[in-house]
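Next up, run.csv (CSV, C-alpha atoms):
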```csv
chain,number,residue,atom,x,y,z
A,27,MET,CA,0.0,0.0,0.0
A,28,GLU,CA,1.5,3.3,-1.1
A,29,ILE,CA,0.8,6.8,0.1
A,30,ARG,CA,0.2,7.8,-3.6
A,31,GLN,CA,-2.5,5.1,-3.8
A,32,LEU,CA,-4.2,6.3,-0.7
A,33,ARG,CA,-4.1,9.9,-2.0
A,34,TYR,CA,-5.8,8.8,-5.2
A,35,PHE,CA,-8.3,6.8,-3.2
A,36,LEU,CA,-9.2,9.7,-0.9
A,37,THR,CA,-9.6,12.1,-3.9
A,38,VAL,CA,-11.9,9.8,-5.8
A,39,ALA,CA,-13.9,9.2,-2.6
A,40,GLU,CA,-14.4,12.9,-2.2
A,41,GLU,CA,-15.3,13.6,-5.8
A,42,LEU,CA,-17.0,10.3,-6.6
A,43,HIS,CA,-15.9,10.9,-10.1
A,44,PHE,CA,-12.7,9.6,-11.7
A,45,GLY,CA,-12.4,12.4,-14.2
A,46,ARG,CA,-12.7,15.2,-11.6
A,47,ALA,CA,-10.3,13.4,-9.3
A,48,ALA,CA,-7.7,13.1,-12.1
A,49,GLU,CA,-8.0,16.9,-12.7
A,50,ARG,CA,-7.5,17.6,-9.0
A,51,LEU,CA,-4.4,15.3,-9.0
A,52,HIS,CA,-3.1,16.8,-12.3
A,53,ILE,CA,-2.7,13.3,-13.8
A,54,VAL,CA,-4.6,11.4,-16.5
A,55,GLN,CA,-7.7,9.4,-15.5
A,56,SER,CA,-6.2,6.1,-16.6
A,57,ALA,CA,-3.4,6.5,-14.1
A,58,VAL,CA,-5.9,7.0,-11.3
A,59,SER,CA,-7.9,3.9,-12.3
A,60,GLN,CA,-4.7,1.8,-12.6
A,61,GLN,CA,-3.4,2.7,-9.2
A,62,LEU,CA,-6.8,2.1,-7.5
A,63,ARG,CA,-7.1,-1.3,-9.2
A,64,ARG,CA,-3.7,-2.2,-7.8
A,65,LEU,CA,-4.7,-1.1,-4.3
A,66,GLU,CA,-7.9,-3.1,-4.5
A,67,HIS,CA,-5.9,-6.1,-5.7
A,68,GLU,CA,-3.5,-5.8,-2.8
A,69,LEU,CA,-6.4,-5.4,-0.3
A,70,GLY,CA,-8.4,-8.2,-1.9
A,71,THR,CA,-11.6,-6.2,-2.1
A,72,GLU,CA,-13.3,-3.5,-4.2
A,73,LEU,CA,-13.3,0.0,-2.8
A,74,PHE,CA,-15.6,1.5,-5.3
A,75,ALA,CA,-18.7,0.3,-7.1
A,76,ARG,CA,-18.4,1.6,-10.6
A,77,SER,CA,-21.1,2.0,-13.3
A,78,THR,CA,-21.3,4.1,-16.4
A,79,ARG,CA,-23.1,6.8,-14.5
A,80,VAL,CA,-22.3,6.4,-10.8
A,81,VAL,CA,-19.2,5.9,-8.6
A,82,ARG,CA,-19.8,5.1,-5.0
A,83,LEU,CA,-17.9,3.7,-2.1
A,84,THR,CA,-18.3,0.1,-1.1
A,85,GLU,CA,-18.5,-1.0,2.5
A,86,ALA,CA,-14.8,-1.7,2.4
A,87,GLY,CA,-14.2,1.8,0.9
A,88,HIS,CA,-16.1,3.4,3.8
A,89,ARG,CA,-14.0,1.3,6.3
A,90,LEU,CA,-10.7,2.4,4.7
A,91,LEU,CA,-11.7,6.1,4.4
A,92,PRO,CA,-10.8,7.3,8.0
A,93,TYR,CA,-7.5,5.4,8.0
A,94,ALA,CA,-6.5,6.9,4.6
A,95,ARG,CA,-7.2,10.4,5.9
A,96,GLU,CA,-5.2,9.7,9.1
A,97,MET,CA,-2.2,8.3,7.2
A,98,LEU,CA,-2.1,11.2,4.8
A,99,ALA,CA,-2.4,13.6,7.7
A,100,LEU,CA,0.5,11.8,9.4
A,101,GLN,CA,2.5,12.1,6.3
A,102,SER,CA,1.8,15.8,6.1
A,103,ARG,CA,2.8,16.4,9.7
A,104,ALA,CA,6.0,14.3,9.2
A,105,ARG,CA,7.0,16.5,6.2
A,106,GLU,CA,6.3,19.6,8.2
A,107,ALA,CA,8.4,18.4,11.1
A,108,LEU,CA,11.3,17.6,8.8
A,109,ASP,CA,10.9,20.9,6.9
A,110,GLU,CA,11.0,22.7,10.2
A,111,LEU,CA,14.1,20.8,11.3
A,112,ARG,CA,15.9,21.7,8.0
A,113,ALA,CA,14.9,25.3,8.4
A,114,GLU,CA,16.2,25.4,11.9
A,115,GLN,CA,19.5,23.7,11.0
A,116,ALA,CA,20.0,26.1,8.0
A,117,ALA,CA,19.2,29.2,10.1
A,118,THR,CA,21.8,31.5,11.3
A,119,VAL,CA,22.7,31.5,15.0
A,120,ARG,CA,23.7,35.0,16.3
A,121,LEU,CA,26.3,34.8,19.1
A,122,GLY,CA,27.6,37.8,21.0
A,123,THR,CA,31.3,37.5,21.7
A,124,SER,CA,33.4,38.5,24.6
A,125,SER,CA,36.9,40.0,24.3
A,126,GLY,CA,40.0,37.9,25.0
A,127,LEU,CA,38.6,34.5,24.0
A,128,GLY,CA,41.8,33.6,22.2
A,129,GLY,CA,41.9,30.1,20.7
A,130,ARG,CA,38.7,29.1,22.5
A,131,LEU,CA,36.5,31.0,20.0
A,132,ASP,CA,38.1,29.0,17.1
A,133,ALA,CA,37.5,25.8,19.0
A,134,VAL,CA,33.8,26.7,19.6
A,135,LEU,CA,33.4,27.6,15.9
A,136,ALA,CA,35.0,24.3,14.8
A,137,ALA,CA,32.8,22.2,17.3
A,138,PHE,CA,29.7,24.1,16.2
A,139,ALA,CA,30.4,23.3,12.5
A,140,ARG,CA,30.8,19.6,13.4
A,141,ILE,CA,27.5,19.5,15.3
A,142,ALA,CA,25.3,21.9,13.5
A,143,GLY,CA,25.6,20.7,10.0
A,144,HIS,CA,24.4,23.5,7.6
A,145,ALA,CA,23.6,26.0,10.3
A,146,GLN,CA,25.7,29.2,10.3
A,147,LEU,CA,27.1,31.1,13.2
A,148,GLU,CA,27.2,34.9,13.1
A,149,LEU,CA,29.5,36.7,15.6
A,150,VAL,CA,28.3,40.0,17.0
A,151,THR,CA,30.4,42.4,19.1
A,152,GLY,CA,29.3,45.0,21.6
A,153,THR,CA,29.5,45.9,25.3
A,154,THR,CA,28.3,43.3,27.8
A,155,GLU,CA,25.2,45.2,28.6
A,156,GLU,CA,24.4,45.7,24.9
A,157,ARG,CA,24.8,42.0,24.2
A,158,LEU,CA,22.6,41.0,27.2
A,159,ARG,CA,19.9,43.3,26.1
A,160,GLN,CA,20.0,41.8,22.6
A,161,VAL,CA,19.7,38.3,24.0
A,162,CYS,CA,16.6,39.4,26.0
A,163,SER,CA,15.0,41.0,22.9
A,164,GLY,CA,15.8,38.0,20.6
A,165,GLU,CA,18.3,40.0,18.4
A,166,LEU,CA,21.0,37.6,19.6
A,167,ASP,CA,20.5,33.9,20.3
A,168,ALA,CA,23.2,33.9,23.0
A,169,THR,CA,26.2,35.7,24.2
A,170,LEU,CA,29.5,34.8,25.9
A,171,LEU,CA,30.5,36.8,28.9
A,172,ARG,CA,32.8,36.6,31.8
A,173,GLY,CA,31.8,36.8,35.5
A,174,GLU,CA,28.7,35.7,37.2
A,175,ARG,CA,25.5,37.7,36.5
A,176,THR,CA,21.9,37.5,37.6
A,177,ASP,CA,19.0,38.5,35.3
A,178,PRO,CA,15.5,37.0,35.7
A,179,GLY,CA,15.0,37.1,31.9
A,180,LEU,CA,18.1,35.1,31.1
A,181,GLU,CA,19.8,31.8,32.0
A,182,PHE,CA,23.6,31.7,32.5
A,183,LEU,CA,25.2,28.4,31.5
A,184,PRO,CA,28.6,28.0,33.2
A,185,LEU,CA,31.5,27.1,30.9
A,186,TRP,CA,35.3,27.2,31.2
A,187,GLN,CA,37.5,29.2,33.6
A,188,ASP,CA,40.3,31.5,32.7
A,189,ALA,CA,43.3,32.3,35.0
A,190,LEU,CA,44.5,35.9,34.9
A,191,LEU,CA,48.1,36.5,34.0
A,192,ALA,CA,50.2,39.5,34.9
A,193,ALA,CA,51.7,41.4,31.9
A,194,LEU,CA,54.8,43.3,33.0
A,195,PRO,CA,58.0,44.6,31.5
A,196,ALA,CA,60.2,41.7,30.4
A,197,GLY,CA,63.2,43.5,31.9
A,198,HIS,CA,61.7,43.9,35.3
A,199,ASP,CA,63.1,41.8,38.1
A,200,LEU,CA,59.8,40.0,38.7
A,201,ALA,CA,59.7,38.8,35.1
A,202,ALA,CA,62.5,36.4,36.1
A,203,HIS,CA,59.9,34.3,38.0
A,204,GLU,CA,57.4,32.0,36.2
A,205,THR,CA,54.9,32.7,39.0
A,206,ILE,CA,54.6,35.9,40.9
A,207,ASP,CA,53.1,36.5,44.3
A,208,LEU,CA,50.4,39.1,43.7
A,209,ALA,CA,51.6,41.2,46.6
A,210,ARG,CA,54.9,41.8,44.9
A,211,LEU,CA,53.2,43.9,42.3
A,212,ALA,CA,52.0,46.4,44.9
A,213,GLY,CA,54.6,49.0,43.9
A,214,LEU,CA,53.9,49.0,40.2
A,215,PRO,CA,51.1,51.1,38.7
A,216,LEU,CA,48.2,49.0,37.5
A,217,ARG,CA,46.7,49.7,34.1
A,218,LEU,CA,43.1,48.5,34.3
A,219,SER,CA,39.9,48.9,32.4
A,220,PRO,CA,37.3,51.0,34.4
A,221,ALA,CA,34.4,49.2,35.9
A,222,SER,CA,32.1,50.8,33.4
A,223,ARG,CA,33.8,48.8,30.6
A,224,ASN,CA,34.5,45.5,32.3
A,225,LEU,CA,32.9,45.2,35.7
A,226,ALA,CA,33.6,41.5,36.3
A,227,LEU,CA,37.3,41.9,35.5
A,228,HIS,CA,37.7,45.1,37.4
A,229,ASP,CA,36.1,43.8,40.5
A,230,LEU,CA,38.1,40.5,40.4
A,231,VAL,CA,41.4,42.3,40.1
A,232,MET,CA,40.7,44.8,42.9
A,233,ARG,CA,39.3,42.1,45.1
A,234,SER,CA,42.4,39.9,44.5
A,235,CYS,CA,44.8,42.8,45.3
A,236,ARG,CA,42.9,43.5,48.6
A,237,GLU,CA,43.2,39.8,49.4
A,238,ALA,CA,46.9,40.1,48.8
A,239,GLY,CA,47.1,43.0,51.2
A,240,PHE,CA,47.4,46.1,49.1
A,241,GLN,CA,45.5,48.7,47.2
A,242,PRO,CA,47.0,48.9,43.7
A,243,VAL,CA,48.6,52.1,42.5
A,244,PRO,CA,46.4,53.4,39.7
A,245,GLY,CA,48.3,53.8,36.4
A,246,PRO,CA,47.1,55.0,33.0
A,247,GLU,CA,43.8,53.4,31.9
A,248,PHE,CA,43.9,50.2,29.9
A,249,THR,CA,42.9,51.4,26.4
A,250,ASN,CA,43.4,48.5,24.0
A,251,ASP,CA,45.7,45.5,23.8
A,252,GLN,CA,48.2,46.9,21.4
A,253,ASP,CA,48.7,50.4,23.0
A,254,THR,CA,48.7,49.1,26.5
A,255,LEU,CA,51.2,46.3,25.9
A,256,ALA,CA,53.4,48.7,23.9
A,257,ALA,CA,53.4,51.1,26.9
A,258,ILE,CA,54.2,48.4,29.3
A,259,GLY,CA,57.0,47.0,27.2
A,260,HIS,CA,58.7,50.3,26.3
A,261,GLY,CA,57.4,52.9,28.7
A,262,ARG,CA,57.5,53.5,32.4
A,263,PRO,CA,57.2,50.3,34.4
A,264,SER,CA,53.6,49.2,35.0
A,265,TRP,CA,51.5,46.1,34.8
A,266,THR,CA,48.1,44.8,33.8
A,267,VAL,CA,46.2,41.5,33.5
A,268,PHE,CA,45.3,39.4,30.6
A,269,TYR,CA,43.2,36.2,30.3
A,270,ALA,CA,45.5,33.2,29.9
A,271,SER,CA,43.8,32.1,26.7
A,272,GLN,CA,44.3,35.6,25.2
A,273,ALA,CA,47.9,36.0,26.4
A,274,ARG,CA,48.9,32.8,24.6
A,275,GLN,CA,48.1,34.6,21.3
A,276,LEU,CA,49.8,37.9,22.2
A,277,PRO,CA,53.6,37.4,22.1
A,278,VAL,CA,54.8,41.1,22.4
A,279,PRO,CA,58.5,42.1,22.5
A,280,GLY,CA,59.4,43.7,25.8
A,281,VAL,CA,56.4,42.2,27.7
A,282,ALA,CA,56.4,39.1,29.9
A,283,PHE,CA,53.2,37.2,30.9
A,284,ARG,CA,53.4,35.5,34.3
A,285,SER,CA,51.1,33.4,36.4
A,286,LEU,CA,49.9,34.8,39.7
A,287,ARG,CA,49.4,33.2,43.1
A,288,ASP,CA,48.3,34.2,46.7
A,289,PRO,CA,45.7,34.6,45.3
A,290,ALA,CA,45.5,33.2,41.7
A,291,PRO,CA,42.6,35.1,40.1
A,292,VAL,CA,40.3,33.0,38.0
A,293,ILE,CA,37.2,34.1,36.1
A,294,ARG,CA,34.5,31.9,34.6
A,295,THR,CA,32.9,32.3,31.2
A,296,TYR,CA,29.2,31.9,30.8
A,297,LEU,CA,26.8,31.5,27.9
A,298,ALA,CA,23.7,33.7,28.4
A,299,VAL,CA,20.5,32.4,26.7
A,300,ARG,CA,16.8,33.0,27.1
A,301,PRO,CA,15.2,30.4,29.5
A,302,THR,CA,13.1,28.9,26.7
A,303,PRO,CA,13.6,25.5,24.8
A,304,PRO,CA,16.4,26.2,22.4
A,305,ARG,CA,16.0,25.6,18.6
A,306,ALA,CA,18.3,23.2,16.9
A,307,GLY,CA,21.0,25.7,16.0
A,308,LEU,CA,21.2,27.1,19.5
A,309,ARG,CA,21.3,23.5,20.9
A,310,ALA,CA,24.3,22.9,18.7
A,311,LEU,CA,26.0,26.0,20.0
A,312,ILE,CA,25.4,24.9,23.6
A,313,GLU,CA,26.7,21.4,22.8
A,314,ALA,CA,29.8,23.0,21.2
A,315,CYS,CA,30.5,25.2,24.2
A,316,TYR,CA,30.1,22.3,26.6
A,317,ALA,CA,32.4,20.1,24.4
A,318,ILE,CA,35.2,22.7,24.7
A,319,THR,CA,34.6,23.0,28.5
A,320,GLU,CA,34.7,19.3,29.0
A,321,ALA,CA,37.8,18.8,26.9
A,322,GLU,CA,39.7,21.5,28.9
A,323,ALA,CA,38.6,20.0,32.2
A,324,GLU,CA,39.8,16.5,31.2
A,325,ALA,CA,43.1,17.9,30.0
A,326,GLU,CA,43.6,19.8,33.3
A,327,ALA,CA,42.7,16.7,35.3
A,328,GLU,CA,45.2,14.6,33.3
A,329,ALA,CA,47.9,17.2,33.8
A,330,GLU,CA,47.3,17.3,37.5
A,331,ALA,CA,47.3,13.5,37.7
A,332,GLU,CA,50.6,13.4,35.8
A,333,ASP,CA,52.1,15.9,38.3
A,334,ARG,CA,51.0,13.6,41.1
A,335,GLY,CA,52.4,10.6,39.3
A,336,CYS,CA,49.1,8.8,38.8
A,337,PRO,CA,46.9,8.0,35.8
A,338,GLY,CA,44.4,10.7,34.8
A,339,PRO,CA,40.7,10.2,35.4
A,340,ARG,CA,38.3,9.1,32.8
A,341,THR,CA,35.3,11.3,32.7
A,342,SER,CA,31.9,10.8,31.0
A,343,SER,CA,30.0,13.3,28.9
A,344,SER,CA,28.3,16.1,30.8
A,345,ASP,CA,24.8,15.7,31.9
A,346,ARG,CA,24.3,19.4,31.8
A,347,ARG,CA,23.3,19.5,28.2
A,348,ARG,CA,19.8,20.8,27.4
```
Please render this file's structure as structure tokens.
Amino acid sequence: MEIRQLRYFLTVAEELHFGRAAERLHIVQSAVSQQLRRLEHELGTELFARSTRVVRLTEAGHRLLPYAREMLALQSRAREALDELRAEQAATVRLGTSSGLGGRLDAVLAAFARIAGHAQLELVTGTTEERLRQVCSGELDATLLRGERTDPGLEFLPLWQDALLAALPAGHDLAAHETIDLARLAGLPLRLSPASRNLALHDLVMRSCREAGFQPVPGPEFTNDQDTLAAIGHGRPSWTVFYASQARQLPVPGVAFRSLRDPAPVIRTYLAVRPTPPRAGLRALIEACYAITEAEAEAEAEAEAEDRGCPGPRTSSSDRRR
């Protein structure tokens, strides 16, 4: 029994006329008759009583009618569902990006391409507040941001963590150490973005300095990566902080990037989304972000295990996926 035969059957049952049914189906009448004969042969019963003047449904035809309608309706719904899926997969996902993602952004893009098939990812820049407003309004599907936030209209999915590294003159005495006690930077002016530009980073650095026992000496404001690093490398001694993932892509002559301790400032990245069931493209983006987060966590666990001289743990896939 073919869907085509059921469609022909239903059309003839509605018209009770083979000629009019053929016109509706845009085929010749002989094709309609042939397919219905095949269907009757397969079912072992006649579905129509035919005469030169009248076509009517037999008892078997009446019995088949509701099932034919149901099967054609199911076919239609199945096509609609698949069409919707294709449209979702082909749609563009708009992602707001945060500064200093370094190689992680490339990793997210690559993972998204593997998971999402034909869906496209469009990257959008802007201030944190602008991007959060755009996610709330639906202009963006999601945005990456650093530091914990609360907003009743959004959901914040925790992703990877970034250590902060100190950027200081390569010729400074402290640059001779791979890791620097944060308190030893107390005498150097700090170049930092104002809280209005990067509240999470500003608060973390100031809080870490206070924890280390000092109030940082304010230096010139952090303007952009290039100018600030040039000033640190070739101007009066000063320091600033960079995300570790970003610092790895910024080899600058005259500047040394060093780890910090006591305390070691760490900031988490989040993916902000609307608290509604995500469409296919956004689900693929969430999966991609979690894949990168899990890969980094496993690599860190294995490195720590090697340092302790024991095998690294085997971890399973995250159960946080939506």
task: Find the residues near Pro184 (chain A): any atom within 9 Å, counting all atoms listed in the file, skip ones fewer than 5 places away on the same chain, and give them as an MDAnalysis selection string.
output: chainID A and resid 174 294:298 316
field: Residues near Phe248 (chain A), cut-off 7 Å, all atoms listed in the file, skip fewer than 3 positions along chain, as a list in words
entry: Arg217, Leu218, Ser219 and Thr254 of chain A
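CA of Ala189 (chain A) is found 8.5 Å from CA of Leu286 (chain A).
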- prompt: Taking into account only C-alpha atoms, which residue in the set A:Ala257, A:Leu121, A:Leu147, A:Leu69 is nearest to Asp167 (chain A)?
  reply: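 Smallest separation from Asp167 (chain A) among the options: A:Leu121.
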- prompt: Do you know which residues are at most 6 Å from region 134-142 of chain A counting all atoms listed in the file, after dropping those on the same chain fewer than 5 positions away, and could you put them as a list in words?
  reply: Ala310, Leu311, Ala314 and Cys315 of chain A
Spatial neighbours of Glu181 (chain A), 8 Å, all atoms listed in the file, chain gap at least 3 places, as an mmCIF file with C-alpha atoms, keeping the file's coordinate frame:
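This went into out.cif:
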```cif
data_model
loop_
_atom_site.group_PDB
_atom_site.id
_atom_site.type_symbol
_atom_site.label_atom_id
_atom_site.label_comp_id
_atom_site.auth_asym_id
_atom_site.auth_seq_id
_atom_site.Cartn_x
_atom_site.Cartn_y
_atom_site.Cartn_z
ATOM 1 C CA ASP A 177 19.000 38.500 35.300
ATOM 2 C CA PRO A 178 15.500 37.000 35.700
ATOM 3 C CA ALA A 298 23.700 33.700 28.400
ATOM 4 C CA VAL A 299 20.500 32.400 26.700
ATOM 5 C CA ARG A 300 16.800 33.000 27.100
ATOM 6 C CA PRO A 301 15.200 30.400 29.500
#
```
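Each of A:Thr302, A:Ser102, A:Thr71, A:Ser222 was checked against Arg89 (chain A) using all atoms listed in the file; the smallest atom-to-atom distance is that of A:Thr71.
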- prompt: Can you tell me, as a PyMOL selection string, what residues are no more than 12 Å from Asp199 (chain A) when counting all atoms listed in the file, ignoring any on the same chain fewer than 4 positions away?
  reply: chain A and resi 194-195+203-204+206+210-211+214+263+282
query: Using all atoms listed in the file, which residue out of A:Gln31, A:Ser125, A:Ser285, A:Asn224 lies closest to Ala270 (chain A)?
result: A:Ser285
- prompt: Which distance in Å separates CA of Leu191 (chain A) and CA of Thr266 (chain A), to one decimal?
  reply: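 It comes out at 8.3 Å.
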- request: Can you work out the spacing between CA of Ala168 (chain A) and CA of Arg120 (chain A) in Å, to one decimal?
  value: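 CA of Ala168 (chain A) sits 6.8 Å away from CA of Arg120 (chain A).
Ranking A:Pro242, A:Ala226, A:Gly45, A:Arg334 by their shortest atom-to-atom distance to Ala57 (chain A), with all atoms listed in the file included, puts A:Gly45 first.
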query: Taking only C-alpha atoms into account, which of A:Ala331, A:Val292, A:Ile318, A:Leu158 comes nearest Arg130 (chain A)?
result: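 Of the candidates, the smallest distance to Arg130 (chain A) is held by A:Ile318.
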task: Give the answer as one residue: which of A:Arg95, A:His144, A:Arg105, A:Arg287 has the shortest atom-to-atom distance to Gly307 (chain A), using all atoms listed in the file?
output: A:His144
field: Within-10 Å shell of (41.5, 26.1, 22.4) in input frame, all atoms listed in the file, as a VMD selection string
entry: chain A and resid 127 to 134 271 318 to 319 321 to 322
Now that the selection is made, can you save its residues with C-alpha atoms as a PDB file, keeping the file's coordinate frame?
```pdb
ATOM      1  CA  LEU A 127      38.600  34.500  24.000  1.00  0.00           C
ATOM      2  CA  GLY A 128      41.800  33.600  22.200  1.00  0.00           C
ATOM      3  CA  GLY A 129      41.900  30.100  20.700  1.00  0.00           C
ATOM      4  CA  ARG A 130      38.700  29.100  22.500  1.00  0.00           C
ATOM      5  CA  LEU A 131      36.500  31.000  20.000  1.00  0.00           C
ATOM      6  CA  ASP A 132      38.100  29.000  17.100  1.00  0.00           C
ATOM      7  CA  ALA A 133      37.500  25.800  19.000  1.00  0.00           C
ATOM      8  CA  VAL A 134      33.800  26.700  19.600  1.00  0.00           C
ATOM      9  CA  SER A 271      43.800  32.100  26.700  1.00  0.00           C
ATOM     10  CA  ILE A 318      35.200  22.700  24.700  1.00  0.00           C
ATOM     11  CA  THR A 319      34.600  23.000  28.500  1.00  0.00           C
ATOM     12  CA  ALA A 321      37.800  18.800  26.900  1.00  0.00           C
ATOM     13  CA  GLU A 322      39.700  21.500  28.900  1.00  0.00           C
TER      14      GLU A 322
END
```
